[in-house]
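One file, start05.cif, carrying mmCIF, C-alpha atoms and all ligand atoms:
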data_structure
#
loop_
_atom_site.label_atom_id
_atom_site.label_comp_id
_atom_site.auth_asym_id
_atom_site.auth_seq_id
_atom_site.Cartn_x
_atom_site.Cartn_y
_atom_site.Cartn_z
CA MET X 1 -1.42 -1.92 23.49
CA LYS X 2 -2.62 0.09 20.51
CA ARG X 3 -4.15 -1.72 17.61
CA VAL X 4 -2.87 -0.93 14.13
CA LEU X 5 -4.73 -1.78 10.96
CA SER X 6 -3.98 -1.20 7.32
CA GLY X 7 -4.98 -2.61 3.97
CA MET X 8 -3.72 -2.68 0.44
CA ARG X 9 -5.61 -3.28 -2.75
CA PRO X 10 -4.30 -6.35 -4.55
CA SER X 11 -2.48 -4.95 -7.55
CA GLY X 12 -0.11 -7.89 -8.01
CA LYS X 13 3.62 -7.90 -7.47
CA LEU X 14 4.94 -5.07 -5.32
CA HIS X 15 7.82 -2.76 -6.21
CA LEU X 16 10.48 -0.76 -4.40
CA GLY X 17 8.04 2.12 -4.00
CA HIS X 18 5.70 -0.10 -1.98
CA TYR X 19 8.63 -1.39 0.01
CA HIS X 20 9.90 1.99 1.16
CA GLY X 21 6.51 3.68 1.16
CA VAL X 22 4.49 1.09 3.05
CA LEU X 23 6.12 -2.20 3.97
CA GLU X 24 9.11 -0.81 5.88
CA ASN X 25 6.66 1.05 8.01
CA TRP X 26 4.55 -2.06 8.59
CA LEU X 27 7.67 -3.97 9.60
CA LYS X 28 8.45 -1.36 12.20
CA LEU X 29 4.87 -1.25 13.48
CA GLN X 30 4.57 -5.01 13.83
CA LYS X 31 7.43 -4.94 16.33
CA GLU X 32 5.65 -2.48 18.58
CA HIS X 33 1.93 -3.04 18.19
CA GLU X 34 -0.82 -5.53 17.58
CA CYS X 35 -1.16 -5.32 13.80
CA PHE X 36 -3.83 -6.28 11.29
CA PHE X 37 -2.86 -6.21 7.63
CA PHE X 38 -5.40 -7.15 5.03
CA VAL X 39 -5.94 -7.51 1.31
CA ALA X 40 -8.64 -5.07 0.24
CA ASP X 41 -10.07 -7.14 -2.60
CA TRP X 42 -13.52 -5.58 -2.44
CA HIS X 43 -11.91 -2.17 -2.74
CA ALA X 44 -10.05 -3.39 -5.82
CA LEU X 45 -13.42 -4.14 -7.41
CA THR X 46 -14.60 -0.55 -6.96
CA THR X 47 -12.35 0.34 -9.88
CA GLU X 48 -11.60 -3.03 -11.52
CA TYR X 49 -15.16 -4.33 -11.60
CA ASN X 50 -15.01 -4.90 -15.35
CA ASP X 51 -12.17 -7.41 -15.13
CA PRO X 52 -12.07 -9.63 -12.06
CA SER X 53 -9.97 -12.25 -13.86
CA THR X 54 -6.63 -11.22 -12.36
CA ILE X 55 -7.71 -10.65 -8.79
CA GLN X 56 -6.90 -14.12 -7.40
CA ASP X 57 -3.36 -14.07 -8.81
CA ASN X 58 -2.85 -10.53 -7.59
CA ILE X 59 -3.90 -11.46 -4.06
CA LYS X 60 -1.46 -14.32 -4.01
CA GLU X 61 1.47 -12.36 -5.41
CA MET X 62 0.91 -9.53 -2.99
CA VAL X 63 0.72 -11.73 0.09
CA ILE X 64 3.85 -13.58 -1.06
CA ASP X 65 5.62 -10.22 -1.21
CA TRP X 66 4.37 -9.27 2.27
CA LEU X 67 5.71 -12.50 3.71
CA SER X 68 8.96 -12.26 1.75
CA VAL X 69 9.86 -8.89 3.21
CA GLY X 70 9.18 -10.14 6.72
CA ILE X 71 5.58 -9.37 7.59
CA ASN X 72 5.28 -12.08 10.18
CA PRO X 73 2.03 -14.04 10.48
CA GLU X 74 3.00 -15.13 14.01
CA ARG X 75 2.95 -11.50 15.08
CA SER X 76 0.48 -9.85 12.75
CA THR X 77 -2.96 -10.89 11.60
CA ILE X 78 -2.92 -11.15 7.81
CA PHE X 79 -6.34 -11.58 6.26
CA LEU X 80 -8.57 -11.17 3.23
CA GLN X 81 -11.31 -8.54 3.35
CA SER X 82 -13.88 -10.54 1.37
CA ALA X 83 -13.51 -13.50 3.74
CA ILE X 84 -15.01 -11.41 6.53
CA LYS X 85 -18.54 -10.68 5.37
CA GLU X 86 -19.17 -8.63 8.51
CA HIS X 87 -17.29 -5.75 6.84
CA ALA X 88 -20.06 -5.63 4.25
CA GLU X 89 -22.79 -5.63 6.88
CA LEU X 90 -21.18 -2.78 8.80
CA HIS X 91 -20.62 -0.93 5.54
CA LEU X 92 -24.34 -1.18 4.85
CA LEU X 93 -25.26 0.13 8.28
CA LEU X 94 -22.73 2.96 8.06
CA SER X 95 -24.18 3.93 4.70
CA MET X 96 -27.47 4.71 6.47
CA ILE X 97 -25.84 7.45 8.53
CA THR X 98 -23.31 8.85 6.06
CA PRO X 99 -24.51 12.07 4.41
CA LEU X 100 -24.12 11.98 0.66
CA SER X 101 -22.52 15.43 0.71
CA TRP X 102 -19.56 14.14 2.75
CA LEU X 103 -18.80 11.59 0.09
CA GLU X 104 -19.37 13.91 -2.85
CA ARG X 105 -16.99 16.54 -1.57
CA ASN X 106 -14.18 14.04 -0.90
CA PRO X 107 -11.24 15.45 -2.91
CA THR X 108 -9.82 12.01 -3.77
CA TYR X 109 -13.17 10.99 -5.21
CA LYS X 110 -13.61 14.16 -7.25
CA GLU X 111 -10.08 13.94 -8.62
CA GLN X 112 -10.34 10.29 -9.63
CA VAL X 113 -13.74 10.62 -11.27
CA GLU X 114 -12.31 13.51 -13.31
CA GLU X 115 -8.92 12.04 -14.11
CA VAL X 116 -9.47 8.36 -14.67
CA LYS X 117 -10.62 8.15 -18.26
CA ASP X 118 -10.36 4.45 -19.04
CA LYS X 119 -13.07 3.35 -16.59
CA ASP X 120 -16.43 4.65 -15.55
CA LEU X 121 -16.20 5.47 -11.87
CA HIS X 122 -19.66 7.00 -11.57
CA THR X 123 -20.81 4.11 -9.45
CA TYR X 124 -22.42 3.72 -6.07
CA GLY X 125 -19.56 1.46 -4.96
CA PHE X 126 -16.84 3.92 -5.84
CA LEU X 127 -18.58 6.81 -4.12
CA GLY X 128 -18.93 4.63 -1.05
CA TYR X 129 -15.27 3.59 -1.05
CA PRO X 130 -14.50 5.48 2.19
CA VAL X 131 -17.58 4.06 3.90
CA LEU X 132 -16.34 0.52 3.27
CA GLN X 133 -12.90 1.63 4.40
CA THR X 134 -14.42 2.93 7.62
CA ALA X 135 -16.08 -0.42 8.24
CA ASP X 136 -12.73 -2.16 7.65
CA ILE X 137 -11.14 -0.06 10.35
CA ILE X 138 -13.69 0.29 13.11
CA ILE X 139 -14.92 -3.30 13.03
CA TYR X 140 -11.56 -4.12 14.68
CA LYS X 141 -11.66 -1.00 16.87
CA ALA X 142 -8.31 -0.04 15.40
CA ASN X 143 -6.60 2.94 17.00
CA MET X 144 -4.05 3.73 14.34
CA VAL X 145 -4.15 3.46 10.58
CA PRO X 146 -0.86 3.89 8.72
CA VAL X 147 -1.46 5.31 5.25
CA GLY X 148 0.19 7.54 2.69
CA ILE X 149 -0.80 11.16 2.26
CA ASP X 150 -3.08 10.30 -0.68
CA GLN X 151 -5.30 8.35 1.72
CA ALA X 152 -5.54 11.11 4.33
CA PRO X 153 -8.90 12.49 3.07
CA HIS X 154 -10.42 9.00 3.31
CA LEU X 155 -9.23 8.66 6.87
CA GLU X 156 -10.67 12.06 7.75
CA LEU X 157 -14.02 10.84 6.47
CA SER X 158 -13.65 7.66 8.50
CA ARG X 159 -13.19 9.74 11.60
CA GLU X 160 -16.28 11.81 10.80
CA ILE X 161 -18.40 8.74 10.17
CA THR X 162 -17.14 7.17 13.40
CA ARG X 163 -18.01 10.31 15.36
CA ARG X 164 -21.47 10.31 13.87
CA PHE X 165 -22.03 6.68 14.79
CA ASN X 166 -20.84 7.32 18.34
CA PHE X 167 -23.06 10.40 18.60
CA LEU X 168 -26.17 8.56 17.41
CA TYR X 169 -25.75 5.26 19.24
CA GLY X 170 -23.34 5.87 22.07
CA ASP X 171 -19.58 5.68 22.26
CA THR X 172 -18.67 2.43 20.62
CA PHE X 173 -15.70 2.91 18.39
CA PRO X 174 -12.37 4.61 18.96
CA GLU X 175 -11.77 7.38 16.45
CA PRO X 176 -9.05 5.99 14.23
CA GLN X 177 -5.88 8.07 14.15
CA THR X 178 -4.09 8.60 10.87
CA LEU X 179 -0.49 7.52 11.04
CA LEU X 180 0.99 9.36 8.10
CA THR X 181 3.73 7.41 6.41
CA GLU X 182 6.36 9.99 5.69
CA THR X 183 8.39 8.73 2.82
CA PRO X 184 9.26 10.75 -0.20
CA LYS X 185 7.77 9.23 -3.29
CA LEU X 186 10.22 6.80 -4.78
CA LEU X 187 11.17 7.78 -8.31
CA GLY X 188 10.93 5.21 -11.06
CA THR X 189 13.32 4.56 -13.91
CA ASP X 190 11.93 7.51 -15.88
CA GLY X 191 12.10 10.03 -13.07
CA ARG X 192 8.36 10.03 -12.38
CA LYS X 193 6.84 8.52 -9.25
CA MET X 194 7.42 4.76 -9.24
CA SER X 195 4.20 3.10 -10.31
CA LYS X 196 3.18 -0.07 -12.05
CA SER X 197 0.97 1.88 -14.41
CA TYR X 198 3.86 4.10 -15.58
CA ASN X 199 5.92 1.03 -16.46
CA ASN X 200 8.87 2.48 -14.55
CA ALA X 201 8.94 0.17 -11.53
CA ILE X 202 11.59 -2.15 -10.16
CA PHE X 203 9.73 -5.07 -8.59
CA LEU X 204 10.80 -6.86 -5.43
CA SER X 205 10.71 -10.04 -7.50
CA ASP X 206 12.75 -8.79 -10.48
CA PRO X 207 15.67 -11.17 -11.08
CA PRO X 208 19.20 -9.67 -11.19
CA ASP X 209 19.40 -9.53 -14.99
CA VAL X 210 16.11 -7.64 -15.19
CA ILE X 211 17.28 -5.18 -12.55
CA GLU X 212 20.49 -4.64 -14.45
CA LYS X 213 18.63 -3.98 -17.68
CA LYS X 214 16.18 -1.59 -16.01
CA ILE X 215 18.95 0.42 -14.33
CA LEU X 216 21.04 0.61 -17.49
CA HIS X 217 17.99 1.96 -19.35
CA MET X 218 17.19 4.54 -16.69
CA MET X 219 16.73 8.16 -17.54
CA THR X 220 19.54 10.44 -16.34
CA ASP X 221 20.03 14.20 -16.03
CA PRO X 222 18.96 15.32 -19.53
CA ALA X 223 21.77 17.92 -19.48
CA ARG X 224 24.33 15.10 -19.79
CA GLN X 225 24.02 14.35 -23.47
CA ARG X 226 27.70 13.56 -23.93
CA ARG X 227 30.21 11.91 -21.66
CA THR X 228 32.00 15.28 -21.35
CA ASP X 229 28.86 17.19 -20.23
CA LYS X 230 28.68 17.96 -16.54
CA GLY X 231 25.54 16.82 -14.75
CA ASN X 232 23.41 17.70 -11.77
CA PRO X 233 22.79 14.57 -9.72
CA ASP X 234 19.81 16.14 -7.99
CA LEU X 235 17.98 16.06 -11.32
CA CYS X 236 18.78 12.41 -11.88
CA PRO X 237 16.69 9.42 -10.71
CA VAL X 238 19.83 7.25 -10.71
CA TYR X 239 21.34 9.44 -8.02
CA PHE X 240 18.04 9.27 -6.13
CA LEU X 241 18.45 5.48 -5.95
CA HIS X 242 22.14 5.76 -5.06
CA LYS X 243 21.13 7.83 -2.04
CA ILE X 244 18.96 4.96 -0.82
CA TYR X 245 21.10 1.95 -1.67
CA SER X 246 24.75 2.99 -1.90
CA THR X 247 27.42 3.60 0.73
CA PRO X 248 28.27 7.20 1.68
CA GLU X 249 31.57 6.81 -0.18
CA THR X 250 29.84 5.81 -3.40
CA ILE X 251 27.30 8.60 -3.04
CA ALA X 252 30.11 11.13 -2.63
CA TRP X 253 31.97 9.61 -5.59
CA VAL X 254 28.85 9.95 -7.76
CA GLY X 255 28.18 13.50 -6.62
CA GLN X 256 31.72 14.58 -7.38
CA GLY X 257 32.09 12.56 -10.58
CA CYS X 258 28.77 13.67 -12.05
CA THR X 259 29.22 17.40 -11.48
CA THR X 260 32.74 17.37 -12.95
CA ALA X 261 32.09 14.88 -15.74
CA GLY X 262 34.67 12.72 -14.02
CA ILE X 263 32.52 9.61 -14.39
CA GLY X 264 30.15 8.49 -17.10
CA CYS X 265 26.50 7.57 -16.62
CA ILE X 266 27.10 3.92 -17.48
CA GLU X 267 29.82 3.71 -14.85
CA CYS X 268 27.54 5.44 -12.37
CA LYS X 269 24.68 3.05 -13.08
CA LYS X 270 26.92 0.00 -12.91
CA SER X 271 27.95 0.96 -9.40
CA LEU X 272 24.29 1.06 -8.35
CA ILE X 273 23.17 -2.31 -9.70
CA PRO X 274 24.92 -4.63 -7.20
CA SER X 275 23.63 -2.78 -4.15
CA ILE X 276 20.01 -3.10 -5.26
CA ILE X 277 20.49 -6.76 -6.11
CA LYS X 278 22.09 -7.36 -2.73
CA MET X 279 19.33 -5.59 -0.82
CA LEU X 280 16.74 -7.75 -2.57
CA GLU X 281 18.63 -11.02 -2.20
CA PRO X 282 17.17 -12.19 1.15
CA ILE X 283 13.68 -11.10 0.09
CA GLN X 284 13.94 -13.06 -3.14
CA LYS X 285 15.30 -16.11 -1.38
CA LYS X 286 12.29 -16.19 0.88
CA ARG X 287 10.04 -15.50 -2.09
CA ALA X 288 11.42 -18.50 -3.97
CA GLU X 289 10.60 -20.75 -1.01
CA LEU X 290 7.06 -19.43 -0.84
CA VAL X 291 6.52 -19.87 -4.54
CA LYS X 292 7.59 -23.49 -4.13
CA ASN X 293 5.08 -23.96 -1.28
CA PRO X 294 2.02 -21.98 -2.36
CA ASP X 295 -0.09 -23.63 0.34
CA VAL X 296 1.69 -21.47 2.89
CA VAL X 297 -0.10 -18.39 1.61
CA ASP X 298 -3.49 -20.10 1.88
CA GLN X 299 -2.65 -21.27 5.39
CA VAL X 300 -1.55 -17.81 6.48
CA LEU X 301 -4.72 -16.28 5.13
CA SER X 302 -7.07 -18.84 6.60
CA LYS X 303 -5.46 -18.55 10.01
CA GLY X 304 -5.62 -14.74 9.81
CA ASN X 305 -9.19 -14.82 8.53
CA GLU X 306 -10.21 -16.89 11.49
CA LYS X 307 -8.70 -14.47 13.98
CA ALA X 308 -10.16 -11.45 12.22
CA LYS X 309 -13.58 -13.05 11.92
CA LYS X 310 -13.81 -13.66 15.62
CA ILE X 311 -13.33 -9.99 16.42
CA ALA X 312 -15.58 -8.82 13.58
CA GLN X 313 -18.35 -11.13 14.75
CA GLU X 314 -18.16 -9.81 18.29
CA THR X 315 -18.33 -6.23 17.09
CA MET X 316 -21.29 -6.96 14.85
CA ALA X 317 -23.20 -8.74 17.60
CA TRP X 318 -22.94 -5.56 19.61
CA VAL X 319 -23.82 -3.32 16.67
CA ARG X 320 -26.93 -5.36 15.83
CA LYS X 321 -28.08 -5.18 19.40
CA THR X 322 -27.53 -1.44 19.52
CA LEU X 323 -29.47 -0.94 16.31
CA LYS X 324 -32.25 -3.25 17.53
CA LEU X 325 -31.66 -5.73 14.75
N1 LIG W 401 -7.79 2.54 0.34
C1 LIG W 401 -6.56 1.91 0.72
C2 LIG W 401 -5.55 2.04 -0.42
O1 LIG W 401 -5.91 2.14 -1.55
C3 LIG W 401 -6.77 0.45 1.04
C4 LIG W 401 -7.64 0.27 2.21
C5 LIG W 401 -8.88 -0.28 2.21
C6 LIG W 401 -7.34 0.61 3.56
N2 LIG W 401 -9.39 -0.30 3.47
C7 LIG W 401 -8.47 0.23 4.32
C8 LIG W 401 -6.24 1.19 4.17
C9 LIG W 401 -8.50 0.43 5.70
C10 LIG W 401 -6.28 1.41 5.54
C11 LIG W 401 -7.41 1.02 6.30
O2 LIG W 401 -4.37 2.01 -0.17
FE1 LIG W 402 22.85 10.54 -13.20
FE2 LIG W 402 25.04 9.29 -12.48
FE3 LIG W 402 24.78 10.22 -14.97
FE4 LIG W 402 25.10 11.91 -12.96
S1 LIG W 402 26.56 10.41 -13.65
S2 LIG W 402 23.58 12.08 -14.62
S3 LIG W 402 24.00 10.87 -11.30
S4 LIG W 402 23.58 8.61 -14.02
#
What's the structure tokens form of this structure?
Amino acid sequence: MKRVLSGMRPSGKLHLGHYHGVLENWLKLQKEHECFFFVADWHALTTEYNDPSTIQDNIKEMVIDWLSVGINPERSTIFLQSAIKEHAELHLLLSMITPLSWLERNPTYKEQVEEVKDKDLHTYGFLGYPVLQTADIIIYKANMVPVGIDQAPHLELSREITRRFNFLYGDTFPEPQTLLTETPKLLGTDGRKMSKSYNNAIFLSDPPDVIEKKILHMMTDPARQRRTDKGNPDLCPVYFLHKIYSTPETIAWVGQGCTTAGIGCIECKKSLIPSIIKMLEPIQKKRAELVKNPDVVDQVLSKGNEKAKKIAQETMAWVRKTLKL
């Protein structure tokens, strides 16, 4: 059986974009493979080092969301990166063999250092982000790593670092394969990519009245200024959500009604609201139970940590021996 591993930085409550972009894929993978899913809290610190105050809450909220959507701790190993100190040791050893030029030419790194203006990312830790990520992966000898396209350059680096390790010290680690998650970016309420930082996200934990308000405030096709203006649904984020959550009949009704000005935007939005609320209902029910029993999250993590630690310790025993340490 192939081993699958993936991680997520703890950014707090997850939204529909995470659900369709990542979690649906994890749910599918956990049925077919041995899966390891972990909270990358050290990776969060590579960019949020100046404010660690929210990290504990964010870890908790994120794991609650994982469990609420059906990531199953009986099937998958759910753990916390910083609980397995062996990742840090392997990261250190990998840093000895990783040429600086590989890290400096990493497009994701260059882009972020340029674009992110509100934090100083000229740090050793941020440059070494993919080295730590490589340690996360190979310490479990993972075969497949499901990630979005934005993470593909990191994975390529992980493969290069793994090859270099194997070349220097003998074949030890499988080269991790990238399992590209092919989901179109989910659009947020303003038509841009759904993201917490754009303030345009619908969260898995949003109660029905909040969902209603967010949908009613959504941007629409700017060409439809008046009720009598005809619209183009393909330019409208409301239609984008209809295509995911509504029945084929409703989608057809929207398509027809929008292009002929047969329906109004309010009417169109109102027909979308119940389907999103309904889709989230079972998730939120489970979430409410977990919030009532917060110990469950701690138990899941400590059980997962234990399982992960055992494997990580075995790998590191071998690595130390190989490196004569
Ligand atoms: N960098 C990943 C992200 O931001 C998180 C991550 C850390 C990860 N280590 C990993 C993903 C190992 C896959 C495998 O989404
Ligand atoms: Fe968008 Fe619906 Fe209005 Fe058309 S009718 S512009 S699809 S909200």
**OP:** Enter the distance from CA of Gln133 in chain X to CA of Lys117 in chain X, in Å, rounded to one decimal.
**Re:** 23.7 Å
**OP:** Identify, counting all atoms listed in the file, the protein, DNA and RNA residues located within 12 Å of ligand LIG 402 (chain W), and give them as a PyMOL selection string.
**Re:** chain X and resi 189-191+215-243+250-273
All residues having an atom within 9 Å of ligand LIG 401 (chain W) (all atoms listed in the file) as a PDB file with C-alpha atoms, in the coordinates of the input:
ATOM      1  CA  LEU X   5      -4.730  -1.780  10.960  1.00  0.00           C
ATOM      2  CA  SER X   6      -3.980  -1.200   7.320  1.00  0.00           C
ATOM      3  CA  GLY X   7      -4.980  -2.610   3.970  1.00  0.00           C
ATOM      4  CA  MET X   8      -3.720  -2.680   0.440  1.00  0.00           C
ATOM      5  CA  ARG X   9      -5.610  -3.280  -2.750  1.00  0.00           C
ATOM      6  CA  PHE X  37      -2.860  -6.210   7.630  1.00  0.00           C
ATOM      7  CA  PHE X  38      -5.400  -7.150   5.030  1.00  0.00           C
ATOM      8  CA  VAL X  39      -5.940  -7.510   1.310  1.00  0.00           C
ATOM      9  CA  ALA X  40      -8.640  -5.070   0.240  1.00  0.00           C
ATOM     10  CA  ASP X  41     -10.070  -7.140  -2.600  1.00  0.00           C
ATOM     11  CA  TRP X  42     -13.520  -5.580  -2.440  1.00  0.00           C
ATOM     12  CA  HIS X  43     -11.910  -2.170  -2.740  1.00  0.00           C
ATOM     13  CA  ALA X  44     -10.050  -3.390  -5.820  1.00  0.00           C
ATOM     14  CA  GLN X  81     -11.310  -8.540   3.350  1.00  0.00           C
ATOM     15  CA  TYR X 129     -15.270   3.590  -1.050  1.00  0.00           C
ATOM     16  CA  PRO X 130     -14.500   5.480   2.190  1.00  0.00           C
ATOM     17  CA  LEU X 132     -16.340   0.520   3.270  1.00  0.00           C
ATOM     18  CA  GLN X 133     -12.900   1.630   4.400  1.00  0.00           C
ATOM     19  CA  THR X 134     -14.420   2.930   7.620  1.00  0.00           C
ATOM     20  CA  ALA X 135     -16.080  -0.420   8.240  1.00  0.00           C
ATOM     21  CA  ASP X 136     -12.730  -2.160   7.650  1.00  0.00           C
ATOM     22  CA  ILE X 137     -11.140  -0.060  10.350  1.00  0.00           C
ATOM     23  CA  VAL X 145      -4.150   3.460  10.580  1.00  0.00           C
ATOM     24  CA  PRO X 146      -0.860   3.890   8.720  1.00  0.00           C
ATOM     25  CA  VAL X 147      -1.460   5.310   5.250  1.00  0.00           C
ATOM     26  CA  GLY X 148       0.190   7.540   2.690  1.00  0.00           C
ATOM     27  CA  ASP X 150      -3.080  10.300  -0.680  1.00  0.00           C
ATOM     28  CA  GLN X 151      -5.300   8.350   1.720  1.00  0.00           C
ATOM     29  CA  HIS X 154     -10.420   9.000   3.310  1.00  0.00           C
ATOM     30  CA  LEU X 155      -9.230   8.660   6.870  1.00  0.00           C
TER      31      LEU X 155
END
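The nearest approach to Leu157 in chain X among the residues X:Leu301, X:Leu94, X:Val22, X:Ala83, with only C-alpha atoms taken into account, belongs to X:Leu94.
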Original post:
Quick one: residues within 10 Å of Val319 in chain X, only C-alpha atoms counted, chain neighbours fewer than 2 positions away excluded, as a PyMOL selection string?
Top reply: chain X and resi 90+93+139+169+172+313-317+321-325
To test the calculation: enclose all listed atoms of range 293-311 of chain X in a box whose edges run along x, y and z, add 8 Å on each side, then state centre and edge lengths in Å to one decimal, as JSON.
{"center_x": -4.4, "center_y": -17.0, "center_z": 7.0, "size_x": 34.9, "size_y": 30.0, "size_z": 34.8}
**OP:** Give me the residues within 7 Å of range 101-104 of chain X as a PyMOL selection string, counting all atoms listed in the file and dropping any in the same chain fewer than 2 places off.
**Re:** chain X and resi 99+106+127
Subject >> Near-range 27-31 of chain X list (9 Å; all atoms listed in the file; drop same-chain fewer than 2 positions) as a list in words >> reply: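 Residues near the query, excluding close chain neighbours: Val4, Val22, Leu23, Glu24, Asn25, His33, Glu34, Cys35, Phe36, Val69, Gly70, Ile71, Asn72, Arg75 and Ser76 of chain X.
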Original post:
Asn199 in chain X: which residues within 12 Å, counting only C-alpha atoms, same-chain residues fewer than 3 positions away excluded, as a ChimeraX atom specification?
Top reply: /X:15,187-196,202-203,214,218
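Here CA of Arg159 in chain X and CA of Pro176 in chain X stand 6.2 Å from one another.
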Original post:
Can you tell me, as number ranges by chain, what residues are no more than 9 Å from Gly21 in chain X when counting only C-alpha atoms, ignoring any on the same chain fewer than 4 positions away?
Top reply: X: 16-17, 25, 148, 181-186
For those residues, write C-alpha atoms to a file as a PDB file, in the frame of the given file.
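As written to disk, out-v5.pdb reads:
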ATOM      1  CA  LEU X  16      10.480  -0.760  -4.400  1.00  0.00           C
ATOM      2  CA  GLY X  17       8.040   2.120  -4.000  1.00  0.00           C
ATOM      3  CA  ASN X  25       6.660   1.050   8.010  1.00  0.00           C
ATOM      4  CA  GLY X 148       0.190   7.540   2.690  1.00  0.00           C
ATOM      5  CA  THR X 181       3.730   7.410   6.410  1.00  0.00           C
ATOM      6  CA  GLU X 182       6.360   9.990   5.690  1.00  0.00           C
ATOM      7  CA  THR X 183       8.390   8.730   2.820  1.00  0.00           C
ATOM      8  CA  PRO X 184       9.260  10.750  -0.200  1.00  0.00           C
ATOM      9  CA  LYS X 185       7.770   9.230  -3.290  1.00  0.00           C
ATOM     10  CA  LEU X 186      10.220   6.800  -4.780  1.00  0.00           C
TER      11      LEU X 186
END
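Here CA of Ser95 in chain X stands at a distance of 20.0 Å from CA of Ala152 in chain X.
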Original post:
From the set X:Lys309, X:Lys110, X:Lys60, X:Lys119, which residue has the shortest atom-to-atom contact distance to Val297 in chain X, counting only C-alpha atoms?
Top reply: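 Among X:Lys309, X:Lys110, X:Lys60, X:Lys119, it is X:Lys60 that comes nearest to Val297 in chain X.
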Original post:
With all atoms listed in the file as the atoms that count, which of X:Pro248, X:Pro294, X:Pro10, X:Gly170 lies nearest to Trp318 in chain X?
Top reply: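 Closest candidate: X:Gly170.
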Is it possible to dump range 304-316 of chain X as an mmCIF file, in the first residue's frame, including just N, CA, C and O atoms?
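The result, written out as result19.cif:
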data_model
loop_
_atom_site.group_PDB
_atom_site.id
_atom_site.type_symbol
_atom_site.label_atom_id
_atom_site.label_comp_id
_atom_site.auth_asym_id
_atom_site.auth_seq_id
_atom_site.Cartn_x
_atom_site.Cartn_y
_atom_site.Cartn_z
ATOM 1 N N GLY X 304 -2.253 10.249 17.372
ATOM 2 C CA GLY X 304 -1.562 10.381 16.083
ATOM 3 C C GLY X 304 -0.079 10.675 16.273
ATOM 4 O O GLY X 304 0.773 10.112 15.581
ATOM 5 N N ASN X 305 0.221 11.557 17.227
ATOM 6 C CA ASN X 305 1.620 11.889 17.501
ATOM 7 C C ASN X 305 2.415 10.643 17.869
ATOM 8 O O ASN X 305 3.564 10.466 17.452
ATOM 9 N N GLU X 306 1.779 9.813 18.661
ATOM 10 C CA GLU X 306 2.469 8.610 19.106
ATOM 11 C C GLU X 306 2.818 7.701 17.923
ATOM 12 O O GLU X 306 3.927 7.194 17.814
ATOM 13 N N LYS X 307 1.836 7.526 17.040
ATOM 14 C CA LYS X 307 2.067 6.679 15.869
ATOM 15 C C LYS X 307 3.139 7.263 14.957
ATOM 16 O O LYS X 307 4.025 6.565 14.466
ATOM 17 N N ALA X 308 3.049 8.567 14.753
ATOM 18 C CA ALA X 308 4.012 9.236 13.876
ATOM 19 C C ALA X 308 5.412 9.158 14.479
ATOM 20 O O ALA X 308 6.399 8.889 13.784
ATOM 21 N N LYS X 309 5.479 9.372 15.777
ATOM 22 C CA LYS X 309 6.776 9.417 16.451
ATOM 23 C C LYS X 309 7.524 8.089 16.310
ATOM 24 O O LYS X 309 8.738 8.055 16.106
ATOM 25 N N LYS X 310 6.767 7.022 16.392
ATOM 26 C CA LYS X 310 7.392 5.708 16.306
ATOM 27 C C LYS X 310 8.122 5.546 14.957
ATOM 28 O O LYS X 310 9.270 5.103 14.913
ATOM 29 N N ILE X 311 7.447 5.935 13.904
ATOM 30 C CA ILE X 311 8.053 5.811 12.576
ATOM 31 C C ILE X 311 9.227 6.769 12.438
ATOM 32 O O ILE X 311 10.306 6.403 11.966
ATOM 33 N N ALA X 312 9.030 8.010 12.892
ATOM 34 C CA ALA X 312 10.085 9.020 12.768
ATOM 35 C C ALA X 312 11.334 8.596 13.544
ATOM 36 O O ALA X 312 12.467 8.796 13.093
ATOM 37 N N GLN X 313 11.117 7.983 14.697
ATOM 38 C CA GLN X 313 12.264 7.543 15.499
ATOM 39 C C GLN X 313 13.039 6.431 14.803
ATOM 40 O O GLN X 313 14.272 6.419 14.807
ATOM 41 N N GLU X 314 12.293 5.517 14.198
ATOM 42 C CA GLU X 314 12.968 4.437 13.466
ATOM 43 C C GLU X 314 13.796 4.995 12.321
ATOM 44 O O GLU X 314 14.956 4.614 12.135
ATOM 45 N N THR X 315 13.198 5.912 11.566
ATOM 46 C CA THR X 315 13.932 6.500 10.443
ATOM 47 C C THR X 315 15.188 7.197 10.939
ATOM 48 O O THR X 315 16.270 7.037 10.371
ATOM 49 N N MET X 316 15.055 7.955 12.013
ATOM 50 C CA MET X 316 16.211 8.717 12.485
ATOM 51 C C MET X 316 17.302 7.826 13.055
ATOM 52 O O MET X 316 18.491 8.150 12.952
#
